[in-house]
Structures are given as structure tokens and as C-alpha cells.
Protein chains: 2
Amino acid sequence: MNALGRHVLAEMYVCDPRALDDVETVRDIMVGAAIKAGAEVREVAFHKFNPQGVSGVVVISESHLAVHTWPEFGYAAVDVFTCGDKVDPWDAVNAIADSFRSKQVTASEIKRGVIIDVGKERVAAG
Amino acid sequence: MNALGRHVLAEMYVCDPRALDDVETVRDIMVGAAIKAGAEVREVAFHKFNPQGVSGVVVISESHLAVHTWPEFGYAAVDVFTCGDKVDPWDAVNAIADSFRSKQVTASEIKRGVIIDVGKERVAAG
């Protein structure tokens, strides 16, 4: 089974709420995690909401990292999508969890774009 | 069970490869799907890769839409994350699949940020 991408969805609870509510901090953490994981950053888009919360995405050559924060719950929804063998999405997820000082993380990896070769025929399987 | 967000991951196979390889088309489709679903667009970041493929994200008030395309396989990996009751992520996913003329779509919804109230105590469950 060959997958084109790996998509890790991470629930980060019991985070530092001040970090979650500061758009520059969140952006620096997400971009830093991308670089730490060996990704090449292409586009960065972050937005601060009123009264609280930050949403943002880092587009990388190897796909993307996204975050949405709820400081009032100490919660961040993080997802990291990578393609290719160069970048491990878990390196980025771990770096983000550390930076948010999350004390409770659950995460799972989903294979994206599974292409199965059956004999000479290429079959797409979802 | 209350979830803060709904995250739909969609595998779109057998798409129009020309649409998947044109960054303006992909951006218009993603932004159009966000608007069609009733979302408020905040930030847009798209990138065209060489020799082929497009990655991009639309940050909306209600979270995000992301896409990564592999025109050589006729495949697009789409994910739509929404919070609140105003926007249904499936409206956006259906609009995107139609626009890419995908003939084979599989998708699933994942609840994000589940906060369980147990008596007076708020408990985070991942």
C-alpha cells in the first residue's frame, strides 16, 4: 500500500492559554515546528480572533500544518499533513505540543491518497 | 458530547487533472466552496509546485479548508475544518468534489476538541 500523504490530527489539551491567544507566538511555534521537522516553508497565513483564539496555516513544500486554538479551554486542534519521505509529521506535532506546554495530547495518523497497483492497472482506493 | 470542531477529510479521485494543476482554478474552487458553505474568508494562501501540483489553504472565521493536488494521479486530498453551527463542512466538500469533477470520493468526519462536562467539572477528552 502506497500513500501519497500522511496526515496527523492532534488534540492538545491543558496548554498554556497565553501562548494559545497570542498570534505571533502561535505563528512562531508553527513555523518553527515546520523548520524543525525539516520542511520548506512556502506560505504563512494566521488570524487572531476577537475576543480570543488564533487560526493559522503554514503551507510547506511537503503539504501543510494547521492550528486552531481555544485559549478559554486550553485547547489547540493541530493537523500536520506531509508527503514524501523527507519530513516526519510527528516531529512537527511533538515540537508544537512541547511549545504549547500541553499536558494532554492525543493524536492519530491517517494515510491520504492510497494508490494500489493491481497488475498493470492503477486503482485508486479511498 | 460537545465537540468544538468538525473536520472532514476527503479523498477525491478521478478528478479533472487540468483543474488540479492550475493554481488559480484551485484557489477559485476552494474560496468559492467556502463562500457557498456560508463561511467568512479571512486569509488565502496557495502555491503551485513544479512540475505539477497545487497546495493551498483558505483560513475562514470558522477554521479552514485545505487542498493538495496530484494531477498525475487525478487525486486531490481535501480537508475542511469548521467550528460553530453556521457552516456545514459537507457543503464545502460537496462543492469542491463537483468542481473537480471527481468520480470517486470517500470522506469521513472527525470530531475535534471534545469537551465533556462531568457534574461541575470540565474534563478534556481526546
# chains A, B, ... in the order shown; residues from 1 in each chain; ligands from 1
$ residues_around --residues "segment 80-87 of chain A" --least-positions-apart "5" --cutoff "9 Å" --atoms "only C-alpha atoms" --output "PyMOL selection string"
chain A and resi 3-10+34+37-39+60-67+92-93+112
$ residues_around --residues "segment 44-47 of chain B" --least-positions-apart "2" --cutoff "6 Å" --atoms "only C-alpha atoms" --output "PyMOL selection string"
chain B and resi 54-58
$ calpha_fit_and_write --fixed "chain A" --moving "chain B" --output "mmCIF file with N, CA and C atoms, in the first residue's frame"
data_model
loop_
_atom_site.group_PDB
_atom_site.id
_atom_site.type_symbol
_atom_site.label_atom_id
_atom_site.label_comp_id
_atom_site.auth_asym_id
_atom_site.auth_seq_id
_atom_site.Cartn_x
_atom_site.Cartn_y
_atom_site.Cartn_z
ATOM 1 N N MET B 1 0.846 -1.196 0.060
ATOM 2 C CA MET B 1 0.000 0.002 0.033
ATOM 3 C C MET B 1 0.863 1.256 0.021
ATOM 4 N N ASN B 2 0.688 2.071 -0.986
ATOM 5 C CA ASN B 2 1.398 3.336 -1.047
ATOM 6 C C ASN B 2 0.436 4.480 -0.771
ATOM 7 N N ALA B 3 0.807 5.335 0.157
ATOM 8 C CA ALA B 3 0.005 6.527 0.417
ATOM 9 C C ALA B 3 0.784 7.740 -0.074
ATOM 10 N N LEU B 4 0.067 8.687 -0.650
ATOM 11 C CA LEU B 4 0.719 9.911 -1.111
ATOM 12 C C LEU B 4 1.041 10.838 0.056
ATOM 13 N N GLY B 5 0.222 10.745 1.117
ATOM 14 C CA GLY B 5 0.442 11.656 2.232
ATOM 15 C C GLY B 5 0.171 11.022 3.579
ATOM 16 N N ARG B 6 0.721 11.642 4.613
ATOM 17 C CA ARG B 6 0.472 11.239 6.000
ATOM 18 C C ARG B 6 -0.142 12.455 6.689
ATOM 19 N N HIS B 7 -1.263 12.237 7.363
ATOM 20 C CA HIS B 7 -1.987 13.355 7.975
ATOM 21 C C HIS B 7 -2.191 13.028 9.455
ATOM 22 N N VAL B 8 -1.530 13.785 10.307
ATOM 23 C CA VAL B 8 -1.659 13.570 11.746
ATOM 24 C C VAL B 8 -2.598 14.622 12.332
ATOM 25 N N LEU B 9 -3.645 14.154 13.003
ATOM 26 C CA LEU B 9 -4.578 15.041 13.701
ATOM 27 C C LEU B 9 -4.275 14.938 15.192
ATOM 28 N N ALA B 10 -4.008 16.070 15.819
ATOM 29 C CA ALA B 10 -3.623 16.066 17.233
ATOM 30 C C ALA B 10 -4.528 16.976 18.049
ATOM 31 N N GLU B 11 -5.001 16.432 19.151
ATOM 32 C CA GLU B 11 -5.802 17.193 20.126
ATOM 33 C C GLU B 11 -4.859 17.541 21.266
ATOM 34 N N MET B 12 -4.619 18.826 21.449
ATOM 35 C CA MET B 12 -3.702 19.265 22.505
ATOM 36 C C MET B 12 -4.485 20.008 23.585
ATOM 37 N N TYR B 13 -4.640 19.316 24.729
ATOM 38 C CA TYR B 13 -5.378 19.888 25.859
ATOM 39 C C TYR B 13 -4.394 20.358 26.935
ATOM 40 N N VAL B 14 -4.938 21.132 27.863
ATOM 41 C CA VAL B 14 -4.175 21.617 29.019
ATOM 42 C C VAL B 14 -2.893 22.319 28.538
ATOM 43 N N CYS B 15 -3.087 23.224 27.589
ATOM 44 C CA CYS B 15 -1.982 24.020 27.062
ATOM 45 C C CYS B 15 -1.869 25.332 27.847
ATOM 46 N N ASP B 16 -0.781 26.054 27.595
ATOM 47 C CA ASP B 16 -0.593 27.397 28.144
ATOM 48 C C ASP B 16 -1.555 28.346 27.431
ATOM 49 N N PRO B 17 -2.583 28.854 28.115
ATOM 50 C CA PRO B 17 -3.588 29.659 27.419
ATOM 51 C C PRO B 17 -3.047 30.974 26.867
ATOM 52 N N ARG B 18 -2.012 31.508 27.509
ATOM 53 C CA ARG B 18 -1.455 32.772 26.987
ATOM 54 C C ARG B 18 -0.776 32.553 25.643
ATOM 55 N N ALA B 19 -0.073 31.422 25.520
ATOM 56 C CA ALA B 19 0.551 31.112 24.225
ATOM 57 C C ALA B 19 -0.515 30.953 23.146
ATOM 58 N N LEU B 20 -1.613 30.286 23.502
ATOM 59 C CA LEU B 20 -2.657 29.996 22.515
ATOM 60 C C LEU B 20 -3.360 31.253 22.009
ATOM 61 N N ASP B 21 -3.292 32.337 22.799
ATOM 62 C CA ASP B 21 -4.048 33.542 22.435
ATOM 63 C C ASP B 21 -3.176 34.615 21.789
ATOM 64 N N ASP B 22 -1.911 34.324 21.606
ATOM 65 C CA ASP B 22 -1.020 35.334 21.028
ATOM 66 C C ASP B 22 -0.645 34.907 19.600
ATOM 67 N N VAL B 23 -1.102 35.663 18.648
ATOM 68 C CA VAL B 23 -0.969 35.230 17.250
ATOM 69 C C VAL B 23 0.500 35.118 16.831
ATOM 70 N N GLU B 24 1.341 36.009 17.323
ATOM 71 C CA GLU B 24 2.760 35.928 16.938
ATOM 72 C C GLU B 24 3.430 34.698 17.537
ATOM 73 N N THR B 25 3.080 34.412 18.793
ATOM 74 C CA THR B 25 3.620 33.206 19.432
ATOM 75 C C THR B 25 3.185 31.951 18.682
ATOM 76 N N VAL B 26 1.895 31.887 18.360
ATOM 77 C CA VAL B 26 1.376 30.701 17.668
ATOM 78 C C VAL B 26 2.042 30.556 16.297
ATOM 79 N N ARG B 27 2.164 31.678 15.579
ATOM 80 C CA ARG B 27 2.802 31.628 14.258
ATOM 81 C C ARG B 27 4.262 31.168 14.372
ATOM 82 N N ASP B 28 4.975 31.734 15.342
ATOM 83 C CA ASP B 28 6.384 31.343 15.518
ATOM 84 C C ASP B 28 6.514 29.860 15.861
ATOM 85 N N ILE B 29 5.605 29.368 16.699
ATOM 86 C CA ILE B 29 5.644 27.954 17.092
ATOM 87 C C ILE B 29 5.379 27.049 15.884
ATOM 88 N N MET B 30 4.394 27.427 15.070
ATOM 89 C CA MET B 30 4.044 26.582 13.921
ATOM 90 C C MET B 30 5.127 26.616 12.846
ATOM 91 N N VAL B 31 5.635 27.801 12.559
ATOM 92 C CA VAL B 31 6.702 27.908 11.555
ATOM 93 C C VAL B 31 7.966 27.217 12.071
ATOM 94 N N GLY B 32 8.262 27.408 13.356
ATOM 95 C CA GLY B 32 9.429 26.759 13.957
ATOM 96 C C GLY B 32 9.327 25.245 13.908
ATOM 97 N N ALA B 33 8.137 24.724 14.149
ATOM 98 C CA ALA B 33 7.937 23.273 14.109
ATOM 99 C C ALA B 33 8.132 22.741 12.695
ATOM 100 N N ALA B 34 7.663 23.510 11.712
ATOM 101 C CA ALA B 34 7.844 23.093 10.317
ATOM 102 C C ALA B 34 9.334 23.009 9.979
ATOM 103 N N ILE B 35 10.061 24.034 10.379
ATOM 104 C CA ILE B 35 11.499 24.071 10.081
ATOM 105 C C ILE B 35 12.226 22.962 10.841
ATOM 106 N N LYS B 36 11.848 22.788 12.108
ATOM 107 C CA LYS B 36 12.485 21.753 12.929
ATOM 108 C C LYS B 36 12.292 20.362 12.316
ATOM 109 N N ALA B 37 11.113 20.160 11.699
ATOM 110 C CA ALA B 37 10.835 18.856 11.081
ATOM 111 C C ALA B 37 11.503 18.715 9.715
ATOM 112 N N GLY B 38 12.178 19.779 9.273
ATOM 113 C CA GLY B 38 12.887 19.693 7.995
ATOM 114 C C GLY B 38 12.061 20.110 6.801
ATOM 115 N N ALA B 39 10.930 20.762 7.051
ATOM 116 C CA ALA B 39 10.062 21.185 5.945
ATOM 117 C C ALA B 39 10.525 22.520 5.370
ATOM 118 N N GLU B 40 10.081 22.768 4.137
ATOM 119 C CA GLU B 40 10.398 24.019 3.449
ATOM 120 C C GLU B 40 9.134 24.885 3.458
ATOM 121 N N VAL B 41 9.189 26.009 4.154
ATOM 122 C CA VAL B 41 8.011 26.873 4.320
ATOM 123 C C VAL B 41 7.767 27.675 3.046
ATOM 124 N N ARG B 42 6.509 27.647 2.559
ATOM 125 C CA ARG B 42 6.151 28.343 1.320
ATOM 126 C C ARG B 42 5.235 29.538 1.560
ATOM 127 N N GLU B 43 4.186 29.349 2.381
ATOM 128 C CA GLU B 43 3.226 30.417 2.647
ATOM 129 C C GLU B 43 2.821 30.330 4.114
ATOM 130 N N VAL B 44 2.538 31.486 4.709
ATOM 131 C CA VAL B 44 2.129 31.530 6.122
ATOM 132 C C VAL B 44 0.913 32.437 6.232
ATOM 133 N N ALA B 45 -0.154 31.959 6.839
ATOM 134 C CA ALA B 45 -1.369 32.765 6.992
ATOM 135 C C ALA B 45 -1.954 32.528 8.378
ATOM 136 N N PHE B 46 -1.970 33.583 9.204
ATOM 137 C CA PHE B 46 -2.503 33.459 10.561
ATOM 138 C C PHE B 46 -3.521 34.555 10.831
ATOM 139 N N HIS B 47 -4.454 34.253 11.699
ATOM 140 C CA HIS B 47 -5.491 35.227 12.012
ATOM 141 C C HIS B 47 -5.852 35.162 13.497
ATOM 142 N N LYS B 48 -5.947 36.341 14.123
ATOM 143 C CA LYS B 48 -6.341 36.452 15.536
ATOM 144 C C LYS B 48 -7.820 36.787 15.607
ATOM 145 N N PHE B 49 -8.535 36.042 16.427
ATOM 146 C CA PHE B 49 -9.960 36.307 16.567
ATOM 147 C C PHE B 49 -10.250 37.088 17.840
ATOM 148 N N ASN B 50 -11.342 37.832 17.815
ATOM 149 C CA ASN B 50 -11.834 38.515 19.012
ATOM 150 C C ASN B 50 -13.061 37.795 19.522
ATOM 151 N N PRO B 51 -13.217 37.578 20.819
ATOM 152 C CA PRO B 51 -12.310 38.061 21.860
ATOM 153 C C PRO B 51 -11.055 37.209 22.038
ATOM 154 N N GLN B 52 -11.040 35.995 21.519
ATOM 155 C CA GLN B 52 -9.870 35.147 21.745
ATOM 156 C C GLN B 52 -9.751 34.079 20.668
ATOM 157 N N GLY B 53 -8.557 33.483 20.597
ATOM 158 C CA GLY B 53 -8.337 32.393 19.660
ATOM 159 C C GLY B 53 -7.526 32.814 18.444
ATOM 160 N N VAL B 54 -6.800 31.846 17.924
ATOM 161 C CA VAL B 54 -5.952 32.063 16.753
ATOM 162 C C VAL B 54 -6.182 30.903 15.784
ATOM 163 N N SER B 55 -6.243 31.220 14.491
ATOM 164 C CA SER B 55 -6.240 30.196 13.452
ATOM 165 C C SER B 55 -5.075 30.477 12.526
ATOM 166 N N GLY B 56 -4.452 29.428 12.034
ATOM 167 C CA GLY B 56 -3.364 29.688 11.106
ATOM 168 C C GLY B 56 -2.896 28.449 10.402
ATOM 169 N N VAL B 57 -2.246 28.695 9.275
ATOM 170 C CA VAL B 57 -1.757 27.605 8.449
ATOM 171 C C VAL B 57 -0.374 27.947 7.902
ATOM 172 N N VAL B 58 0.477 26.938 7.865
ATOM 173 C CA VAL B 58 1.771 27.049 7.206
ATOM 174 C C VAL B 58 1.741 26.088 6.018
ATOM 175 N N VAL B 59 1.809 26.651 4.811
ATOM 176 C CA VAL B 59 1.901 25.798 3.630
ATOM 177 C C VAL B 59 3.385 25.493 3.410
ATOM 178 N N ILE B 60 3.707 24.215 3.336
ATOM 179 C CA ILE B 60 5.092 23.776 3.150
ATOM 180 C C ILE B 60 5.195 23.030 1.818
ATOM 181 N N SER B 61 6.407 22.872 1.334
ATOM 182 C CA SER B 61 6.591 22.119 0.084
ATOM 183 C C SER B 61 6.015 20.717 0.225
ATOM 184 N N GLU B 62 6.004 20.225 1.468
ATOM 185 C CA GLU B 62 5.570 18.854 1.729
ATOM 186 C C GLU B 62 4.110 18.789 2.176
ATOM 187 N N SER B 63 3.330 19.863 2.099
ATOM 188 C CA SER B 63 1.878 19.957 2.329
ATOM 189 C C SER B 63 1.515 21.069 3.319
ATOM 190 N N HIS B 64 1.091 20.774 4.569
ATOM 191 C CA HIS B 64 0.709 21.895 5.446
ATOM 192 C C HIS B 64 0.712 21.530 6.923
ATOM 193 N N LEU B 65 0.741 22.588 7.742
ATOM 194 C CA LEU B 65 0.474 22.501 9.180
ATOM 195 C C LEU B 65 -0.642 23.500 9.471
ATOM 196 N N ALA B 66 -1.639 23.086 10.266
ATOM 197 C CA ALA B 66 -2.735 23.990 10.617
ATOM 198 C C ALA B 66 -2.991 23.947 12.115
ATOM 199 N N VAL B 67 -3.466 25.073 12.649
ATOM 200 C CA VAL B 67 -3.790 25.129 14.070
ATOM 201 C C VAL B 67 -5.011 26.016 14.284
ATOM 202 N N HIS B 68 -5.831 25.615 15.254
ATOM 203 C CA HIS B 68 -6.935 26.456 15.730
ATOM 204 C C HIS B 68 -6.912 26.372 17.249
ATOM 205 N N THR B 69 -6.926 27.524 17.905
ATOM 206 C CA THR B 69 -6.794 27.497 19.364
ATOM 207 C C THR B 69 -8.040 28.036 20.055
ATOM 208 N N TRP B 70 -8.335 27.446 21.199
ATOM 209 C CA TRP B 70 -9.383 27.902 22.099
ATOM 210 C C TRP B 70 -8.718 28.156 23.461
ATOM 211 N N PRO B 71 -8.166 29.349 23.654
ATOM 212 C CA PRO B 71 -7.464 29.625 24.915
ATOM 213 C C PRO B 71 -8.365 29.409 26.144
ATOM 214 N N GLU B 72 -9.646 29.675 25.985
ATOM 215 C CA GLU B 72 -10.580 29.535 27.120
ATOM 216 C C GLU B 72 -10.701 28.092 27.597
ATOM 217 N N PHE B 73 -10.339 27.149 26.733
ATOM 218 C CA PHE B 73 -10.347 25.733 27.122
ATOM 219 C C PHE B 73 -8.932 25.168 27.227
ATOM 220 N N GLY B 74 -7.935 25.988 26.973
ATOM 221 C CA GLY B 74 -6.555 25.497 26.964
ATOM 222 C C GLY B 74 -6.328 24.459 25.876
ATOM 223 N N TYR B 75 -7.084 24.572 24.796
ATOM 224 C CA TYR B 75 -7.109 23.538 23.758
ATOM 225 C C TYR B 75 -6.637 24.062 22.398
ATOM 226 N N ALA B 76 -5.842 23.250 21.722
ATOM 227 C CA ALA B 76 -5.449 23.542 20.340
ATOM 228 C C ALA B 76 -5.712 22.318 19.468
ATOM 229 N N ALA B 77 -6.378 22.545 18.343
ATOM 230 C CA ALA B 77 -6.560 21.503 17.324
ATOM 231 C C ALA B 77 -5.455 21.683 16.296
ATOM 232 N N VAL B 78 -4.606 20.680 16.159
ATOM 233 C CA VAL B 78 -3.455 20.769 15.259
ATOM 234 C C VAL B 78 -3.566 19.661 14.216
ATOM 235 N N ASP B 79 -3.254 19.988 12.965
ATOM 236 C CA ASP B 79 -3.082 18.902 12.008
ATOM 237 C C ASP B 79 -1.872 19.183 11.138
ATOM 238 N N VAL B 80 -1.144 18.122 10.866
ATOM 239 C CA VAL B 80 0.083 18.207 10.067
ATOM 240 C C VAL B 80 -0.002 17.168 8.950
ATOM 241 N N PHE B 81 0.067 17.663 7.732
ATOM 242 C CA PHE B 81 -0.035 16.813 6.535
ATOM 243 C C PHE B 81 1.319 16.871 5.839
ATOM 244 N N THR B 82 1.913 15.721 5.580
ATOM 245 C CA THR B 82 3.181 15.712 4.845
ATOM 246 C C THR B 82 3.115 14.689 3.712
ATOM 247 N N CYS B 83 3.853 14.993 2.645
ATOM 248 C CA CYS B 83 4.055 13.998 1.598
ATOM 249 C C CYS B 83 5.556 13.810 1.405
ATOM 250 N N GLY B 84 5.904 12.683 0.864
ATOM 251 C CA GLY B 84 7.322 12.374 0.673
ATOM 252 C C GLY B 84 7.937 11.793 1.932
ATOM 253 N N ASP B 85 9.209 11.426 1.812
ATOM 254 C CA ASP B 85 9.899 10.751 2.919
ATOM 255 C C ASP B 85 10.765 11.691 3.744
ATOM 256 N N LYS B 86 10.874 12.934 3.300
ATOM 257 C CA LYS B 86 11.833 13.841 3.922
ATOM 258 C C LYS B 86 11.388 14.325 5.303
ATOM 259 N N VAL B 87 10.090 14.560 5.453
ATOM 260 C CA VAL B 87 9.572 15.162 6.682
ATOM 261 C C VAL B 87 8.659 14.182 7.409
ATOM 262 N N ASP B 88 8.892 14.021 8.714
ATOM 263 C CA ASP B 88 8.039 13.178 9.540
ATOM 264 C C ASP B 88 7.046 14.085 10.272
ATOM 265 N N PRO B 89 5.732 13.927 10.000
ATOM 266 C CA PRO B 89 4.764 14.841 10.620
ATOM 267 C C PRO B 89 4.804 14.801 12.145
ATOM 268 N N TRP B 90 5.204 13.652 12.704
ATOM 269 C CA TRP B 90 5.236 13.519 14.164
ATOM 270 C C TRP B 90 6.305 14.409 14.789
ATOM 271 N N ASP B 91 7.390 14.686 14.061
ATOM 272 C CA ASP B 91 8.395 15.620 14.584
ATOM 273 C C ASP B 91 7.771 16.994 14.803
ATOM 274 N N ALA B 92 6.972 17.429 13.841
ATOM 275 C CA ALA B 92 6.320 18.736 13.970
ATOM 276 C C ALA B 92 5.284 18.718 15.100
ATOM 277 N N VAL B 93 4.486 17.647 15.165
ATOM 278 C CA VAL B 93 3.448 17.552 16.205
ATOM 279 C C VAL B 93 4.083 17.577 17.597
ATOM 280 N N ASN B 94 5.159 16.845 17.767
ATOM 281 C CA ASN B 94 5.825 16.834 19.080
ATOM 282 C C ASN B 94 6.387 18.210 19.436
ATOM 283 N N ALA B 95 6.971 18.887 18.459
ATOM 284 C CA ALA B 95 7.529 20.221 18.717
ATOM 285 C C ALA B 95 6.425 21.198 19.114
ATOM 286 N N ILE B 96 5.276 21.111 18.453
ATOM 287 C CA ILE B 96 4.162 22.019 18.753
ATOM 288 C C ILE B 96 3.618 21.749 20.156
ATOM 289 N N ALA B 97 3.424 20.474 20.479
ATOM 290 C CA ALA B 97 2.906 20.115 21.815
ATOM 291 C C ALA B 97 3.838 20.606 22.915
ATOM 292 N N ASP B 98 5.143 20.452 22.693
ATOM 293 C CA ASP B 98 6.118 20.958 23.670
ATOM 294 C C ASP B 98 5.997 22.469 23.824
ATOM 295 N N SER B 99 5.897 23.161 22.709
ATOM 296 C CA SER B 99 5.871 24.629 22.745
ATOM 297 C C SER B 99 4.591 25.161 23.397
ATOM 298 N N PHE B 100 3.490 24.470 23.209
ATOM 299 C CA PHE B 100 2.234 24.875 23.853
ATOM 300 C C PHE B 100 2.163 24.390 25.304
ATOM 301 N N ARG B 101 3.172 23.622 25.707
ATOM 302 C CA ARG B 101 3.235 23.033 27.055
ATOM 303 C C ARG B 101 1.984 22.201 27.362
ATOM 304 N N SER B 102 1.525 21.497 26.335
ATOM 305 C CA SER B 102 0.335 20.666 26.517
ATOM 306 C C SER B 102 0.624 19.503 27.452
ATOM 307 N N LYS B 103 -0.282 19.295 28.401
ATOM 308 C CA LYS B 103 -0.130 18.185 29.354
ATOM 309 C C LYS B 103 -1.004 16.995 28.987
ATOM 310 N N GLN B 104 -1.771 17.121 27.898
ATOM 311 C CA GLN B 104 -2.608 15.993 27.475
ATOM 312 C C GLN B 104 -2.784 16.042 25.963
ATOM 313 N N VAL B 105 -2.109 15.121 25.294
ATOM 314 C CA VAL B 105 -2.168 15.094 23.830
ATOM 315 C C VAL B 105 -2.684 13.734 23.375
ATOM 316 N N THR B 106 -3.615 13.756 22.449
ATOM 317 C CA THR B 106 -3.957 12.521 21.740
ATOM 318 C C THR B 106 -3.818 12.821 20.256
ATOM 319 N N ALA B 107 -3.366 11.839 19.507
ATOM 320 C CA ALA B 107 -3.137 12.088 18.086
ATOM 321 C C ALA B 107 -3.254 10.791 17.310
ATOM 322 N N SER B 108 -3.616 10.927 16.046
ATOM 323 C CA SER B 108 -3.650 9.741 15.195
ATOM 324 C C SER B 108 -3.236 10.121 13.784
ATOM 325 N N GLU B 109 -2.690 9.114 13.093
ATOM 326 C CA GLU B 109 -2.213 9.348 11.724
ATOM 327 C C GLU B 109 -3.131 8.670 10.732
ATOM 328 N N ILE B 110 -3.461 9.403 9.686
ATOM 329 C CA ILE B 110 -4.334 8.888 8.642
ATOM 330 C C ILE B 110 -3.558 8.916 7.319
ATOM 331 N N LYS B 111 -3.580 7.812 6.615
ATOM 332 C CA LYS B 111 -2.937 7.761 5.302
ATOM 333 C C LYS B 111 -3.843 8.446 4.287
ATOM 334 N N ARG B 112 -3.263 9.313 3.471
ATOM 335 C CA ARG B 112 -4.056 10.043 2.473
ATOM 336 C C ARG B 112 -3.609 9.646 1.069
ATOM 337 N N GLY B 113 -4.578 9.460 0.170
ATOM 338 C CA GLY B 113 -4.264 9.203 -1.226
ATOM 339 C C GLY B 113 -3.606 7.861 -1.441
ATOM 340 N N VAL B 114 -4.350 6.825 -1.132
ATOM 341 C CA VAL B 114 -3.792 5.481 -1.259
ATOM 342 C C VAL B 114 -3.983 5.001 -2.695
ATOM 343 N N ILE B 115 -2.874 4.741 -3.347
ATOM 344 C CA ILE B 115 -2.901 4.276 -4.740
ATOM 345 C C ILE B 115 -2.404 2.840 -4.737
ATOM 346 N N ILE B 116 -3.242 1.938 -5.211
ATOM 347 C CA ILE B 116 -2.888 0.519 -5.216
ATOM 348 C C ILE B 116 -2.602 0.073 -6.646
ATOM 349 N N ASP B 117 -1.458 -0.526 -6.838
ATOM 350 C CA ASP B 117 -1.134 -1.068 -8.153
ATOM 351 C C ASP B 117 -1.580 -2.522 -8.200
ATOM 352 N N VAL B 118 -2.506 -2.819 -9.100
ATOM 353 C CA VAL B 118 -2.958 -4.192 -9.271
ATOM 354 C C VAL B 118 -2.513 -4.632 -10.661
ATOM 355 N N GLY B 119 -1.476 -5.440 -10.696
ATOM 356 C CA GLY B 119 -0.904 -5.823 -11.985
ATOM 357 C C GLY B 119 -0.455 -4.576 -12.720
ATOM 358 N N LYS B 120 -0.916 -4.412 -13.940
ATOM 359 C CA LYS B 120 -0.532 -3.236 -14.716
ATOM 360 C C LYS B 120 -1.477 -2.075 -14.493
ATOM 361 N N GLU B 121 -2.575 -2.354 -13.795
ATOM 362 C CA GLU B 121 -3.614 -1.345 -13.670
ATOM 363 C C GLU B 121 -3.435 -0.581 -12.358
ATOM 364 N N ARG B 122 -3.555 0.719 -12.452
ATOM 365 C CA ARG B 122 -3.469 1.544 -11.247
ATOM 366 C C ARG B 122 -4.893 1.806 -10.755
ATOM 367 N N VAL B 123 -5.138 1.483 -9.516
ATOM 368 C CA VAL B 123 -6.486 1.614 -8.953
ATOM 369 C C VAL B 123 -6.437 2.600 -7.785
ATOM 370 N N ALA B 124 -7.376 3.493 -7.767
ATOM 371 C CA ALA B 124 -7.477 4.448 -6.656
ATOM 372 C C ALA B 124 -8.422 3.885 -5.608
ATOM 373 N N ALA B 125 -7.970 3.896 -4.374
ATOM 374 C CA ALA B 125 -8.790 3.383 -3.279
ATOM 375 C C ALA B 125 -8.923 4.446 -2.213
ATOM 376 N N GLY B 126 -10.118 4.675 -1.781
ATOM 377 C CA GLY B 126 -10.331 5.761 -0.801
ATOM 378 C C GLY B 126 -10.505 5.204 0.585
#
$ select_by_dssp --residues "segment 18-67 of chain A" --states "strand (DSSP E)" --output "list in words"
Val41, Arg42, Glu43, Val44, Ala45, Phe46, His47, Lys48, Val54, Ser55, Gly56, Val57, Val58, Val59, Ile60, Ser63, His64, Leu65, Ala66 and Val67 of chain A
$ write_last_selection --atoms "N, CA and C atoms" --output "mmCIF file, in the first residue's frame"
data_model
loop_
_atom_site.group_PDB
_atom_site.id
_atom_site.type_symbol
_atom_site.label_atom_id
_atom_site.label_comp_id
_atom_site.auth_asym_id
_atom_site.auth_seq_id
_atom_site.Cartn_x
_atom_site.Cartn_y
_atom_site.Cartn_z
ATOM 1 N N VAL A 41 9.211 26.027 4.157
ATOM 2 C CA VAL A 41 8.029 26.884 4.319
ATOM 3 C C VAL A 41 7.780 27.682 3.044
ATOM 4 N N ARG A 42 6.515 27.643 2.572
ATOM 5 C CA ARG A 42 6.154 28.349 1.333
ATOM 6 C C ARG A 42 5.228 29.539 1.565
ATOM 7 N N GLU A 43 4.206 29.352 2.389
ATOM 8 C CA GLU A 43 3.232 30.413 2.655
ATOM 9 C C GLU A 43 2.826 30.326 4.122
ATOM 10 N N VAL A 44 2.536 31.487 4.706
ATOM 11 C CA VAL A 44 2.137 31.535 6.116
ATOM 12 C C VAL A 44 0.918 32.446 6.230
ATOM 13 N N ALA A 45 -0.152 31.947 6.844
ATOM 14 C CA ALA A 45 -1.370 32.758 6.993
ATOM 15 C C ALA A 45 -1.961 32.510 8.376
ATOM 16 N N PHE A 46 -1.981 33.577 9.202
ATOM 17 C CA PHE A 46 -2.511 33.453 10.562
ATOM 18 C C PHE A 46 -3.526 34.548 10.822
ATOM 19 N N HIS A 47 -4.450 34.251 11.715
ATOM 20 C CA HIS A 47 -5.503 35.219 12.016
ATOM 21 C C HIS A 47 -5.865 35.147 13.499
ATOM 22 N N LYS A 48 -5.956 36.346 14.120
ATOM 23 C CA LYS A 48 -6.337 36.450 15.535
ATOM 24 C C LYS A 48 -7.821 36.792 15.613
ATOM 25 N N VAL A 54 -6.809 31.851 17.920
ATOM 26 C CA VAL A 54 -5.966 32.057 16.750
ATOM 27 C C VAL A 54 -6.187 30.894 15.791
ATOM 28 N N SER A 55 -6.246 31.216 14.485
ATOM 29 C CA SER A 55 -6.239 30.192 13.442
ATOM 30 C C SER A 55 -5.080 30.479 12.516
ATOM 31 N N GLY A 56 -4.454 29.418 12.024
ATOM 32 C CA GLY A 56 -3.364 29.682 11.102
ATOM 33 C C GLY A 56 -2.899 28.439 10.394
ATOM 34 N N VAL A 57 -2.242 28.681 9.267
ATOM 35 C CA VAL A 57 -1.748 27.589 8.443
ATOM 36 C C VAL A 57 -0.371 27.929 7.897
ATOM 37 N N VAL A 58 0.485 26.935 7.865
ATOM 38 C CA VAL A 58 1.778 27.050 7.200
ATOM 39 C C VAL A 58 1.751 26.087 6.018
ATOM 40 N N VAL A 59 1.820 26.642 4.807
ATOM 41 C CA VAL A 59 1.923 25.788 3.621
ATOM 42 C C VAL A 59 3.401 25.484 3.413
ATOM 43 N N ILE A 60 3.727 24.199 3.339
ATOM 44 C CA ILE A 60 5.114 23.772 3.148
ATOM 45 C C ILE A 60 5.222 23.030 1.829
ATOM 46 N N SER A 63 3.356 19.866 2.105
ATOM 47 C CA SER A 63 1.900 19.952 2.350
ATOM 48 C C SER A 63 1.538 21.070 3.328
ATOM 49 N N HIS A 64 1.105 20.757 4.576
ATOM 50 C CA HIS A 64 0.726 21.874 5.448
ATOM 51 C C HIS A 64 0.729 21.519 6.931
ATOM 52 N N LEU A 65 0.745 22.586 7.744
ATOM 53 C CA LEU A 65 0.481 22.495 9.177
ATOM 54 C C LEU A 65 -0.635 23.501 9.474
ATOM 55 N N ALA A 66 -1.617 23.087 10.271
ATOM 56 C CA ALA A 66 -2.729 23.984 10.615
ATOM 57 C C ALA A 66 -2.982 23.937 12.116
ATOM 58 N N VAL A 67 -3.462 25.062 12.641
ATOM 59 C CA VAL A 67 -3.788 25.124 14.069
ATOM 60 C C VAL A 67 -5.013 26.000 14.280
#
